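Structure file my_file_13.txt (compact mmCIF, C-alpha atoms) follows.
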# COMPACT_ATOMS: atom_id res chain seq x y z
CA MET I 1 19.99 -25.48 -18.00
CA SER I 2 18.72 -26.94 -14.77
CA THR I 3 17.33 -24.48 -12.26
CA ASP I 4 18.63 -26.71 -9.46
CA LYS I 5 22.32 -26.33 -10.26
CA PRO I 6 24.38 -24.73 -7.46
CA THR I 7 25.63 -22.07 -9.87
CA THR I 8 22.07 -21.18 -10.84
CA LEU I 9 21.12 -20.91 -7.18
CA ILE I 10 24.10 -18.61 -6.56
CA ALA I 11 22.96 -16.35 -9.41
CA ALA I 12 19.44 -16.25 -7.96
CA LEU I 13 20.70 -15.43 -4.47
CA LEU I 14 22.85 -12.58 -5.78
CA LEU I 15 19.95 -11.21 -7.83
CA SER I 16 17.73 -11.31 -4.76
CA CYS I 17 20.35 -9.43 -2.74
CA VAL I 18 20.55 -6.75 -5.41
CA GLY I 19 16.76 -6.60 -5.30
CA VAL I 20 16.52 -5.94 -1.55
CA PHE I 21 19.78 -4.07 -0.92
CA ALA I 22 18.15 -0.64 -0.89
CA ILE I 23 15.35 -1.90 1.37
CA MET I 24 17.83 -3.44 3.81
CA ALA I 25 19.93 -0.27 3.79
CA GLY I 26 16.87 1.97 4.00
CA PRO I 27 17.36 3.14 7.61
CA ILE I 28 21.01 3.95 6.91
CA MET I 29 20.18 5.69 3.62
CA THR I 30 17.53 7.82 5.31
CA GLU I 31 19.99 8.87 8.00
CA VAL I 32 22.63 9.74 5.38
CA LEU I 33 20.16 11.81 3.33
CA VAL I 34 19.35 13.85 6.42
CA ALA I 35 22.98 14.21 7.54
CA ALA I 36 24.77 14.65 4.21
CA LEU I 37 22.19 16.48 2.10
CA GLY I 38 20.37 18.27 4.87
CA LEU I 39 17.00 16.91 3.79
CA PRO I 40 14.16 16.94 6.32
CA ALA I 41 13.30 13.52 7.72
CA ASP I 42 9.93 13.36 5.94
CA ALA I 43 11.56 14.03 2.54
CA ALA I 44 14.21 11.37 3.18
CA GLY I 45 11.49 8.91 4.19
CA GLN I 46 9.53 9.72 1.04
CA ILE I 47 12.52 8.88 -1.15
CA PHE I 48 12.80 5.51 0.58
CA ALA I 49 9.05 4.87 0.18
CA VAL I 50 9.08 5.77 -3.53
CA GLU I 51 12.01 3.44 -4.18
CA ALA I 52 10.21 0.63 -2.36
CA LEU I 53 7.08 1.36 -4.41
CA GLY I 54 9.04 0.98 -7.64
CA THR I 55 10.53 -2.29 -6.40
CA ALA I 56 7.09 -3.59 -5.44
CA LEU I 57 5.52 -2.65 -8.79
CA ALA I 58 8.20 -4.32 -10.92
CA PRO I 59 6.86 -7.88 -10.40
CA LEU I 60 3.44 -6.78 -11.71
CA ALA I 61 5.05 -5.65 -14.95
CA ALA I 62 7.17 -8.81 -15.05
CA THR I 63 4.08 -11.00 -15.40
CA LEU I 64 3.73 -9.49 -18.88
CA TRP I 65 7.29 -10.04 -20.12
CA MET I 66 8.80 -12.96 -18.16
CA GLY I 67 7.57 -15.52 -20.69
CA ARG I 68 8.72 -13.50 -23.71
CA VAL I 69 12.11 -12.05 -22.80
CA LYS I 70 15.30 -14.05 -22.25
CA TRP I 71 16.01 -13.95 -18.54
CA ARG I 72 19.73 -13.39 -19.06
CA ASN I 73 19.06 -10.30 -21.16
CA ALA I 74 16.59 -9.01 -18.56
CA ALA I 75 19.16 -9.60 -15.81
CA ILE I 76 21.88 -7.74 -17.72
CA PHE I 77 19.52 -4.80 -18.31
CA ALA I 78 18.39 -4.69 -14.66
CA LEU I 79 21.92 -4.92 -13.28
CA LEU I 80 23.24 -2.21 -15.60
CA VAL I 81 20.38 0.03 -14.49
CA VAL I 82 21.39 -0.58 -10.86
CA VAL I 83 25.07 0.13 -11.57
CA ALA I 84 24.51 3.29 -13.61
CA GLY I 85 21.59 4.51 -11.53
CA ASN I 86 23.44 4.27 -8.23
CA ILE I 87 26.53 5.99 -9.60
CA VAL I 88 24.39 8.87 -10.90
CA SER I 89 22.37 8.96 -7.65
CA SER I 90 25.58 9.38 -5.66
CA TYR I 91 26.05 12.83 -7.23
CA GLN I 92 22.50 14.12 -6.75
CA THR I 93 21.87 16.88 -4.24
CA THR I 94 18.16 17.60 -4.71
CA ALA I 95 15.25 15.58 -3.36
CA GLY I 96 13.23 15.77 -6.59
CA ALA I 97 15.91 14.34 -8.88
CA LEU I 98 16.88 11.68 -6.35
CA THR I 99 13.26 10.61 -5.85
CA ALA I 100 12.71 10.14 -9.60
CA LEU I 101 15.98 8.24 -9.95
CA ARG I 102 15.28 5.92 -7.02
CA PHE I 103 11.83 5.02 -8.35
CA ALA I 104 13.30 4.18 -11.77
CA ILE I 105 16.10 2.13 -10.23
CA GLY I 106 13.62 0.32 -8.00
CA PHE I 107 11.25 -0.45 -10.87
CA LEU I 108 13.66 -1.19 -13.74
CA GLY I 109 16.59 -2.50 -11.73
CA GLN I 110 16.11 -3.84 -8.23
CA GLY I 111 12.52 -5.01 -8.59
CA THR I 112 13.30 -6.74 -11.87
CA ALA I 113 16.35 -8.47 -10.36
CA PHE I 114 14.29 -9.66 -7.38
CA THR I 115 11.55 -10.96 -9.68
CA LEU I 116 14.07 -12.92 -11.74
CA ALA I 117 15.42 -14.49 -8.55
CA ILE I 118 11.93 -15.55 -7.53
CA GLY I 119 11.27 -16.92 -11.03
CA ILE I 120 14.44 -19.02 -10.97
CA ILE I 121 13.78 -20.53 -7.54
CA SER I 122 10.09 -21.08 -8.30
CA GLY I 123 11.22 -23.32 -11.16
CA SER I 124 13.51 -25.42 -8.98
CA ALA I 125 12.61 -28.81 -7.56
CA GLN I 126 13.49 -28.04 -3.92
CA LYS I 127 11.55 -24.82 -3.55
CA ASP I 128 11.32 -24.68 0.26
CA ARG I 129 15.04 -25.28 0.69
CA ASN I 130 16.08 -22.82 -1.99
CA PHE I 131 13.75 -20.09 -0.74
CA ALA I 132 15.29 -20.65 2.70
CA PHE I 133 18.74 -20.03 1.24
CA LEU I 134 17.40 -16.87 -0.41
CA ILE I 135 16.10 -15.53 2.88
CA ALA I 136 19.33 -16.47 4.67
CA ALA I 137 21.34 -14.58 2.05
CA GLN I 138 19.14 -11.52 2.46
CA VAL I 139 19.42 -11.63 6.25
CA VAL I 140 23.22 -11.84 6.03
CA LEU I 141 23.11 -8.88 3.65
CA GLY I 142 21.04 -6.94 6.18
CA VAL I 143 23.59 -7.61 8.92
CA LEU I 144 26.46 -6.56 6.64
CA CYS I 145 24.62 -3.35 5.81
CA PHE I 146 24.55 -2.38 9.49
CA LEU I 147 28.16 -3.43 10.04
CA VAL I 148 29.82 -2.08 6.88
CA LEU I 149 27.84 0.83 5.44
CA PRO I 150 28.89 4.24 6.71
CA PHE I 151 26.97 6.43 9.10
CA PRO I 152 29.21 9.54 9.16
CA LYS I 153 28.08 12.64 7.33
CA ASP I 154 31.28 12.88 5.29
CA ALA I 155 30.69 9.46 3.70
CA GLY I 156 27.84 10.94 1.69
CA VAL I 157 25.14 9.20 -0.30
CA GLY I 158 27.76 7.34 -2.34
CA GLY I 159 28.89 5.53 0.79
CA VAL I 160 25.59 3.63 0.67
CA LEU I 161 24.83 3.51 -3.05
CA LEU I 162 28.25 2.68 -4.54
CA PRO I 163 28.44 -0.66 -2.65
CA LEU I 164 25.09 -1.55 -4.25
CA ALA I 165 26.55 -0.73 -7.66
CA GLY I 166 29.50 -2.97 -6.79
CA LEU I 167 27.21 -5.84 -5.81
CA ALA I 168 25.37 -5.48 -9.13
CA LEU I 169 28.68 -5.58 -11.01
CA LEU I 170 29.59 -8.78 -9.16
CA THR I 171 26.22 -10.27 -10.04
CA LEU I 172 26.76 -9.48 -13.72
CA ALA I 173 29.50 -12.11 -13.70
CA THR I 174 26.88 -14.78 -12.92
CA VAL I 175 24.31 -14.04 -15.67
CA GLY I 176 25.61 -16.97 -17.70
CA TRP I 177 24.26 -19.25 -14.95
CA ILE I 178 20.72 -17.91 -15.30
CA PRO I 179 18.33 -20.34 -17.08
CA GLN I 180 16.26 -19.36 -20.06
CA PRO I 181 12.43 -19.10 -19.65
CA SER I 182 11.78 -22.37 -21.43
CA ALA I 183 13.89 -24.37 -19.00
CA ALA I 184 12.51 -22.71 -15.88
CA GLY I 185 9.01 -22.76 -17.21
CA ALA I 186 9.15 -26.47 -18.02
CA GLY I 187 10.41 -27.27 -14.53
CA HIS I 188 7.71 -25.13 -12.99
CA GLN I 189 4.90 -26.72 -14.97
CA ALA I 190 6.17 -30.16 -14.14
CA ALA I 191 6.04 -29.34 -10.48
CA GLY I 192 2.78 -27.51 -10.57
CA GLY I 193 0.55 -29.52 -12.83
CA GLY I 194 -2.74 -28.22 -14.20
CA GLY I 195 -5.61 -26.43 -12.55
CA SER I 196 -6.71 -23.04 -11.34
CA ALA I 197 -4.49 -20.21 -10.14
CA GLY I 198 -6.92 -19.56 -7.27
CA PRO I 199 -4.96 -21.53 -4.62
CA ALA I 200 -1.78 -19.63 -5.56
CA PHE I 201 -3.54 -16.29 -5.09
CA ILE I 202 -4.84 -17.43 -1.69
CA ALA I 203 -1.29 -18.42 -0.70
CA LEU I 204 -0.10 -15.04 -1.95
CA ALA I 205 -2.75 -13.37 0.21
CA VAL I 206 -1.39 -15.30 3.21
CA MET I 207 2.05 -13.85 2.47
CA LEU I 208 0.62 -10.32 2.15
CA ILE I 209 -1.34 -10.56 5.42
CA TRP I 210 1.61 -12.01 7.31
CA CYS I 211 4.03 -9.37 5.99
CA THR I 212 1.51 -6.67 6.90
CA GLY I 213 1.70 -7.93 10.48
CA LEU I 214 5.49 -8.02 10.38
CA GLY I 215 5.58 -4.48 9.01
CA ALA I 216 3.21 -3.26 11.71
CA ILE I 217 5.52 -4.34 14.53
CA TRP I 218 8.90 -3.99 12.82
CA ALA I 219 8.37 -0.34 11.86
CA PHE I 220 8.03 0.58 15.53
CA VAL I 221 10.32 -1.99 17.16
CA LYS I 222 13.14 0.49 17.86
CA LEU I 223 10.67 2.90 19.43
CA ILE I 224 9.13 0.05 21.44
CA GLY I 225 12.55 -0.82 22.84
CA SER I 226 13.35 2.81 23.68
CA SER I 227 9.97 3.35 25.31
CA GLY I 228 10.63 0.24 27.40
CA GLY I 229 13.54 1.99 29.08
CA ILE I 230 16.45 0.79 26.90
CA ASP I 231 19.03 3.23 25.58
CA PRO I 232 18.46 3.81 21.82
CA ALA I 233 22.03 2.77 21.00
CA GLN I 234 21.52 -0.49 22.87
CA VAL I 235 18.24 -1.05 21.03
CA GLY I 236 20.12 -0.84 17.74
CA LEU I 237 22.78 -3.23 19.04
CA ALA I 238 20.14 -5.70 20.20
CA LEU I 239 18.40 -5.62 16.81
CA GLY I 240 21.69 -6.08 14.98
CA ILE I 241 22.54 -9.12 17.09
CA SER I 242 19.05 -10.58 16.78
CA THR I 243 19.06 -10.11 13.01
CA GLY I 244 22.32 -12.02 12.74
CA VAL I 245 21.07 -14.83 14.98
CA ALA I 246 17.84 -14.98 12.96
CA THR I 247 19.72 -16.54 10.05
CA LEU I 248 19.28 -19.79 12.01
CA GLY I 249 15.58 -19.73 11.15
CA ALA I 250 16.17 -19.76 7.41
CA LEU I 251 18.90 -22.39 7.74
CA ALA I 252 16.53 -24.54 9.82
CA ALA I 253 13.94 -24.29 7.05
CA SER I 254 16.54 -25.32 4.46
CA TRP I 255 17.44 -28.34 6.59
CA LEU I 256 13.86 -29.36 7.33
CA GLY I 257 12.58 -28.86 3.79
CA ASP I 258 9.37 -30.85 3.47
CA ARG I 259 10.42 -33.65 5.84
CA ILE I 260 7.53 -32.90 8.19
CA GLY I 261 5.38 -31.06 5.69
CA ARG I 262 4.52 -27.37 5.88
CA ILE I 263 1.61 -27.16 8.29
CA ILE I 264 3.51 -28.13 11.45
CA PRO I 265 6.54 -25.81 11.03
CA VAL I 266 4.44 -22.84 9.89
CA THR I 267 1.87 -23.31 12.67
CA VAL I 268 4.57 -23.51 15.34
CA ALA I 269 6.48 -20.59 13.83
CA LEU I 270 3.47 -18.27 13.61
CA LEU I 271 2.29 -19.09 17.13
CA VAL I 272 5.77 -18.42 18.53
CA GLN I 273 5.78 -15.10 16.67
CA VAL I 274 2.44 -14.22 18.27
CA VAL I 275 3.89 -14.89 21.73
CA MET I 276 7.06 -12.87 21.02
CA ILE I 277 5.05 -9.95 19.62
CA PHE I 278 2.93 -9.96 22.78
CA LEU I 279 6.11 -9.82 24.88
CA LEU I 280 7.57 -6.91 22.89
CA GLN I 281 5.92 -4.21 24.97
CA GLY I 282 6.18 -2.51 28.35
CA GLN I 283 9.29 -2.12 30.49
CA MET I 284 12.10 -4.53 29.63
CA GLY I 285 15.84 -4.86 29.96
CA PHE I 286 18.41 -5.14 27.18
CA LEU I 287 18.76 -8.93 27.46
CA GLN I 288 15.00 -9.53 27.49
CA PHE I 289 14.52 -7.30 24.46
CA ALA I 290 17.41 -8.88 22.54
CA ILE I 291 16.26 -12.46 23.23
CA THR I 292 12.62 -11.70 22.41
CA ALA I 293 13.58 -9.97 19.16
CA ALA I 294 15.95 -12.82 18.24
CA VAL I 295 13.36 -15.56 18.81
CA PHE I 296 10.79 -13.52 16.90
CA GLN I 297 13.12 -13.12 13.91
CA ILE I 298 14.27 -16.75 13.96
CA PHE I 299 10.71 -17.98 13.55
CA TRP I 300 9.95 -15.15 11.13
CA ASN I 301 12.74 -16.46 8.88
CA LEU I 302 11.52 -20.02 9.35
CA THR I 303 8.05 -19.07 8.10
CA GLY I 304 9.03 -17.23 4.93
CA PRO I 305 10.50 -20.12 2.90
CA TYR I 306 7.44 -22.31 3.49
CA LEU I 307 5.02 -19.57 2.44
CA MET I 308 7.09 -18.85 -0.67
CA GLY I 309 7.27 -22.56 -1.47
CA THR I 310 3.51 -22.93 -1.01
CA ILE I 311 2.87 -20.10 -3.45
CA ALA I 312 5.27 -21.52 -6.03
CA LEU I 313 3.92 -25.08 -5.74
CA SER I 314 0.31 -23.84 -5.96
CA ASP I 315 1.06 -21.71 -9.02
CA ASN I 316 0.14 -23.43 -12.26
CA THR I 317 0.58 -20.31 -14.39
CA GLY I 318 4.17 -19.46 -13.48
CA LYS I 319 3.07 -15.85 -12.95
CA VAL I 320 1.50 -15.66 -9.49
CA SER I 321 4.74 -16.61 -7.74
CA LEU I 322 6.43 -13.67 -9.45
CA LEU I 323 4.31 -11.42 -7.23
CA ILE I 324 5.99 -12.65 -4.03
CA PRO I 325 8.16 -9.49 -3.82
CA THR I 326 5.05 -7.33 -4.28
CA ALA I 327 3.30 -9.12 -1.41
CA GLN I 328 6.37 -8.87 0.82
CA ILE I 329 7.22 -5.23 0.24
CA GLY I 330 3.57 -4.21 0.01
CA GLY I 331 2.88 -5.82 3.38
CA PHE I 332 5.81 -4.10 5.04
CA PHE I 333 4.40 -0.76 3.99
CA LEU I 334 0.75 -1.53 4.66
CA GLY I 335 1.54 -2.66 8.20
CA PRO I 336 2.89 0.67 9.49
CA VAL I 337 0.10 2.56 7.74
CA ILE I 338 -2.62 0.43 9.37
CA ALA I 339 -0.97 0.37 12.80
CA GLY I 340 -0.32 4.10 12.60
CA GLN I 341 -4.05 4.77 12.36
CA PHE I 342 -4.52 3.36 15.87
CA LEU I 343 -1.55 4.93 17.62
CA THR I 344 -2.72 7.61 20.02
CA GLY I 345 0.52 8.58 21.74
CA GLN I 346 -0.25 6.32 24.70
CA GLY I 347 2.16 3.59 23.64
CA PHE I 348 2.69 1.17 20.79
CA GLY I 349 0.22 -1.51 21.88
CA PRO I 350 -1.90 -1.10 18.72
CA ALA I 351 1.10 -2.10 16.60
CA ASN I 352 1.41 -5.33 18.60
CA THR I 353 -2.33 -5.96 18.23
CA VAL I 354 -2.31 -5.46 14.45
CA ALA I 355 0.70 -7.78 14.12
CA ILE I 356 -0.88 -10.51 16.25
CA VAL I 357 -4.19 -10.35 14.36
CA CYS I 358 -2.39 -10.58 11.02
CA CYS I 359 -0.31 -13.58 12.12
CA LEU I 360 -3.39 -15.46 13.35
CA LEU I 361 -5.39 -14.59 10.22
CA ALA I 362 -2.50 -15.72 8.03
CA LEU I 363 -2.36 -19.02 9.93
CA ALA I 364 -6.12 -19.53 9.60
CA LEU I 365 -5.85 -19.11 5.82
CA PHE I 366 -2.61 -21.05 5.46
CA ILE I 367 -3.73 -24.33 7.03
CA PRO I 368 -6.54 -25.12 4.53
CA THR I 369 -4.37 -23.87 1.67
CA ALA I 370 -1.52 -26.18 2.66
CA MET I 371 -3.93 -29.09 3.12
CA ARG I 372 -5.33 -28.61 -0.39
CA LEU I 373 -1.81 -28.44 -1.81
CA LYS I 374 -0.80 -31.62 0.04
CA LYS I 375 -3.79 -33.50 -1.37
CA ARG I 376 -3.11 -32.26 -4.89
CA LEU I 377 0.57 -33.21 -4.77
CA ALA I 378 -0.31 -36.65 -3.37
CA ALA I 379 -2.85 -37.18 -6.15
CA GLY I 380 -0.47 -35.96 -8.83
Output the file's structure as structure tokens, nothing else.
Amino acid sequence: MSTDKPTTLIAALLLSCVGVFAIMAGPIMTEVLVAALGLPADAAGQIFAVEALGTALAPLAATLWMGRVKWRNAAIFALLVVVAGNIVSSYQTTAGALTALRFAIGFLGQGTAFTLAIGIISGSAQKDRNFAFLIAAQVVLGVLCFLVLPFPKDAGVGGVLLPLAGLALLTLATVGWIPQPSAAGAGHQAAGGGGSAGPAFIALAVMLIWCTGLGAIWAFVKLIGSSGGIDPAQVGLALGISTGVATLGALAASWLGDRIGRIIPVTVALLVQVVMIFLLQGQMGFLQFAITAAVFQIFWNLTGPYLMGTIALSDNTGKVSLLIPTAQIGGFFLGPVIAGQFLTGQGFGPANTVAIVCCLLALALFIPTAMRLKKRLAAG
């Protein structure tokens, strides 16, 4: 089965949405845990962090089984874990049981589904375009989470988790479109050629550094807006609007593909992000904040597909690209930790600084990596 069939791409996109649903709905889930179960904020945050940790660790385990297990069987197992796990989680009332369940669901279910999605798209011919569609699908999911998932206390935990179970059930209907390892692996090897995995690991490091910068600023962006004199409710509205608009970035990447290569779009996108991050501080009005956040996210979503495509094209083993979710999620949790070490209560400037440094460092590493890849592809 070709990994470039539209039906296969649909299956991959749905798997990726299952993989990131809990991350996208994290702020809502945390609020519901506090409101419905009466958990303290730190305990609710810990549950979210543990689930993200499980999701991030799953790709590491996948490098051991992806070449041995039929991907359809793995998808069925992961999706059933998500369905059953979220139904059971909806009836939990204690932090300990819920924490253990969310880690297991993240590791065995969501993380595995996300890894399979990455594996499928890494084996496709039009990697940049297909990764752009993946990011666009995830952004749309994020917007829907804010628009559809319940906030009221009486909705309970099930109001967030049962829709995830429903999405997994829907995705189960597409497992017949998932390619077997031999097909995806053959396509990947044909695209990658022979050689060392070193360039792929460097490209993966670029992704990790960049996502660390994104995490550093994104974790505090609501507080930055509020501290700038904007009403908290309006900050949330601005971020919801900007997230929806940001889909344009991923769609632009899918349209551009490799028409002008990778260096130009990534360089422009990262430099624009640096400027927008610099502007996200101090006193600002609603419109300024919304526009700055929107431009930042548009170019954020333009960058991601090219970095993912660079990793996949540089990967001759078929295993390094499976770690893309680990780099993404790991970066989004490293960023706030690093930035938090420099916050002194005198503002959020250190978060902006960490984000800017990470974006520039990622760009400095990306350019030679992309140049090496371009030469190798031209020679091959």
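Reported to one decimal place, the separation of atom CA of I:Thr8 from atom CA of I:Ile178 is 5.7 Å.
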**Message:** When you count all atoms listed in the file, which of these residues is closest to I:Leu13: I:Ala136, I:Val235, I:Leu57, I:Leu37?
**Reply:**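 Looking only at the distances to I:Leu13, the closest residue turns out to be I:Ala136.
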**Message:** Given only C-alpha atoms as the basis, pick out the residue of I:Thr310, I:Ser226, I:Gln346, I:Ser90 nearest to I:Ala200.
**Reply:**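 Nearest to I:Ala200: I:Thr310.
Among the candidates I:Gln273, I:Phe296, I:Ser227, I:Arg259, the residue lying nearest to I:Gly345 is I:Ser227 (atoms considered: all atoms listed in the file).
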**Item:** Counting all atoms listed in the file, the residue of I:Ala22, I:Ile120, I:Leu53, I:Leu80 that sits nearest I:Pro6
**Value:**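 Going through I:Ala22, I:Ile120, I:Leu53, I:Leu80 one by one, the smallest distance to I:Pro6 is for I:Ile120.
The space between atom CA of I:Ser321 and atom CA of I:Ile135 spans 15.6 Å.
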**Spatial neighbours of I:Thr212, max dist 8 Å, only C-alpha atoms, sep filter under 3 positions, as a list in words** =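 Counting only C-alpha atoms, the residues come to Leu208, Ile209, Gly215, Ala216, Gly330, Gly331, Phe332, Phe333, Leu334, Gly335, Pro336, Ala355 and Cys358 of chain I.
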**Item:** Minimum-distance residue to I:Lys374, chosen among I:Leu313, I:Val337, I:Val88, I:Ala100 (using all atoms listed in the file)
**Value:**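 Nearest candidate to I:Lys374 out of I:Leu313, I:Val337, I:Val88, I:Ala100: I:Leu313.
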**Complete:** If you count all atoms listed in the file, the residue of I:Ala52, I:Val175, I:Leu322, I:Ala58 closest to I:Thr7 turns out to be I:Val175
**Item:** Distance in Å - atom CA of I:Thr353 versus atom CA of I:Ile311
**Value:** 26.4 Å
Which stretch 63-91 of chain I residues have any atom within 7 Å of an atom of stretch 101-115 of chain I, and for each, what is the nearest pair of atoms with distance in Å to one decimal, counting only C-alpha atoms, rows sorted by chain and number, as a tab-separated table?
residue	atom	partner	partner_atom	distance
I:Ala75	CA	I:Ala113	CA	6.2
I:Ala78	CA	I:Gly109	CA	4.1
I:Leu79	CA	I:Gly109	CA	6.1
I:Val81	CA	I:Gly109	CA	5.3
I:Val82	CA	I:Gly109	CA	5.2
I:Gly85	CA	I:Ile105	CA	6.1
I:Ser89	CA	I:Leu101	CA	6.8
Residues just named, written with C-alpha atoms as a PDB file, in the coordinates of the input:
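Written out: again-v3.pdb:
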ATOM      1  CA  ALA I  75      19.160  -9.600 -15.810  1.00  0.00           C
ATOM      2  CA  ALA I  78      18.390  -4.690 -14.660  1.00  0.00           C
ATOM      3  CA  LEU I  79      21.920  -4.920 -13.280  1.00  0.00           C
ATOM      4  CA  VAL I  81      20.380   0.030 -14.490  1.00  0.00           C
ATOM      5  CA  VAL I  82      21.390  -0.580 -10.860  1.00  0.00           C
ATOM      6  CA  GLY I  85      21.590   4.510 -11.530  1.00  0.00           C
ATOM      7  CA  SER I  89      22.370   8.960  -7.650  1.00  0.00           C
TER       8      SER I  89
END
**Request:** Write out as a list in words each polymer residue whose atoms come within 8 Å of I:Ala95, counting only C-alpha atoms; drop sequence neighbours fewer than 4 positions from it.
**Result:**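 These residues fall inside the cut-off: Leu39, Ala43, Ala44, Ile47 and Thr99 of chain I.
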**Request:** Do a neighbour search on I:Leu237 at 12 Å with all atoms listed in the file, toss out local chain neighbours closer than 2 positions, and write the hits as a PyMOL selection string.
**Result:** chain I and resi 143+146-147+222+225+230-235+239-244+286-287+289-290+293-294
**Request:** Considering only C-alpha atoms, return as a VMD selection string whatever protein or nucleic-acid residues lie within 12 Å of I:Lys319, sequence-local ones (same chain, fewer than 3 positions apart) excluded.
**Result:** chain I and resid 59 to 67 115 to 116 118 to 120 122 to 123 181 185 188 to 189 192 197 200 to 201 204 311 to 316 322 to 324
**Asked** Which protein, DNA or RNA residues have an atom at most 8 Å from (14.7, -21.7, -4.8), counting only C-alpha atoms? List them as a ChimeraX atom specification.
**Response** /I:4,9,12,118,120-134
**Asked** Counting all atoms listed in the file, what is within 12 Å of I:Met371, bar same-chain residues fewer than 3 positions away, as JSON, numbers by chain?
**Response** {"I": [199, 203, 261, 262, 263, 264, 310, 314, 364, 365, 366, 367, 368, 374, 375, 376, 377, 378]}
Missing atoms in stretch 114-130 of chain I need filling: write out N, CA and C atoms for it as a PDB file, keeping the file's coordinate frame.
ATOM      1  N   PHE I 114      14.948  -8.847  -8.401  1.00  0.00           N
ATOM      2  CA  PHE I 114      14.290  -9.660  -7.380  1.00  0.00           C
ATOM      3  C   PHE I 114      13.287 -10.615  -8.027  1.00  0.00           C
ATOM      4  N   THR I 115      12.541 -10.124  -9.012  1.00  0.00           N
ATOM      5  CA  THR I 115      11.550 -10.960  -9.680  1.00  0.00           C
ATOM      6  C   THR I 115      12.219 -12.118 -10.414  1.00  0.00           C
ATOM      7  N   LEU I 116      13.344 -11.850 -11.060  1.00  0.00           N
ATOM      8  CA  LEU I 116      14.070 -12.920 -11.740  1.00  0.00           C
ATOM      9  C   LEU I 116      14.541 -13.974 -10.746  1.00  0.00           C
ATOM     10  N   ALA I 117      14.996 -13.531  -9.583  1.00  0.00           N
ATOM     11  CA  ALA I 117      15.420 -14.490  -8.550  1.00  0.00           C
ATOM     12  C   ALA I 117      14.273 -15.384  -8.126  1.00  0.00           C
ATOM     13  N   ILE I 118      13.107 -14.780  -7.914  1.00  0.00           N
ATOM     14  CA  ILE I 118      11.930 -15.550  -7.530  1.00  0.00           C
ATOM     15  C   ILE I 118      11.541 -16.521  -8.645  1.00  0.00           C
ATOM     16  N   GLY I 119      11.611 -16.060  -9.900  1.00  0.00           N
ATOM     17  CA  GLY I 119      11.270 -16.920 -11.030  1.00  0.00           C
ATOM     18  C   GLY I 119      12.180 -18.130 -11.122  1.00  0.00           C
ATOM     19  N   ILE I 120      13.480 -17.921 -10.907  1.00  0.00           N
ATOM     20  CA  ILE I 120      14.440 -19.020 -10.970  1.00  0.00           C
ATOM     21  C   ILE I 120      14.159 -20.054  -9.880  1.00  0.00           C
ATOM     22  N   ILE I 121      13.984 -19.595  -8.652  1.00  0.00           N
ATOM     23  CA  ILE I 121      13.780 -20.530  -7.540  1.00  0.00           C
ATOM     24  C   ILE I 121      12.409 -21.192  -7.620  1.00  0.00           C
ATOM     25  N   SER I 122      11.414 -20.471  -8.133  1.00  0.00           N
ATOM     26  CA  SER I 122      10.090 -21.080  -8.300  1.00  0.00           C
ATOM     27  C   SER I 122      10.125 -22.245  -9.274  1.00  0.00           C
ATOM     28  N   GLY I 123      11.091 -22.232 -10.199  1.00  0.00           N
ATOM     29  CA  GLY I 123      11.220 -23.320 -11.160  1.00  0.00           C
ATOM     30  C   GLY I 123      12.104 -24.453 -10.699  1.00  0.00           C
ATOM     31  N   SER I 124      12.635 -24.360  -9.487  1.00  0.00           N
ATOM     32  CA  SER I 124      13.510 -25.420  -8.980  1.00  0.00           C
ATOM     33  C   SER I 124      12.688 -26.524  -8.332  1.00  0.00           C
ATOM     34  N   ALA I 125      13.315 -27.659  -8.144  1.00  0.00           N
ATOM     35  CA  ALA I 125      12.610 -28.810  -7.560  1.00  0.00           C
ATOM     36  C   ALA I 125      12.463 -28.665  -6.045  1.00  0.00           C
ATOM     37  N   GLN I 126      13.510 -28.156  -5.382  1.00  0.00           N
ATOM     38  CA  GLN I 126      13.490 -28.040  -3.920  1.00  0.00           C
ATOM     39  C   GLN I 126      13.189 -26.584  -3.529  1.00  0.00           C
ATOM     40  N   LYS I 127      11.943 -26.215  -3.732  1.00  0.00           N
ATOM     41  CA  LYS I 127      11.550 -24.820  -3.550  1.00  0.00           C
ATOM     42  C   LYS I 127      11.726 -24.336  -2.112  1.00  0.00           C
ATOM     43  N   ASP I 128      11.236 -25.098  -1.133  1.00  0.00           N
ATOM     44  CA  ASP I 128      11.320 -24.680   0.260  1.00  0.00           C
ATOM     45  C   ASP I 128      12.768 -24.451   0.671  1.00  0.00           C
ATOM     46  N   ARG I 129      13.632 -25.393   0.318  1.00  0.00           N
ATOM     47  CA  ARG I 129      15.040 -25.280   0.690  1.00  0.00           C
ATOM     48  C   ARG I 129      15.683 -24.072   0.029  1.00  0.00           C
ATOM     49  N   ASN I 130      15.427 -23.898  -1.268  1.00  0.00           N
ATOM     50  CA  ASN I 130      16.080 -22.820  -1.990  1.00  0.00           C
ATOM     51  C   ASN I 130      15.560 -21.446  -1.570  1.00  0.00           C
TER      52      ASN I 130
END
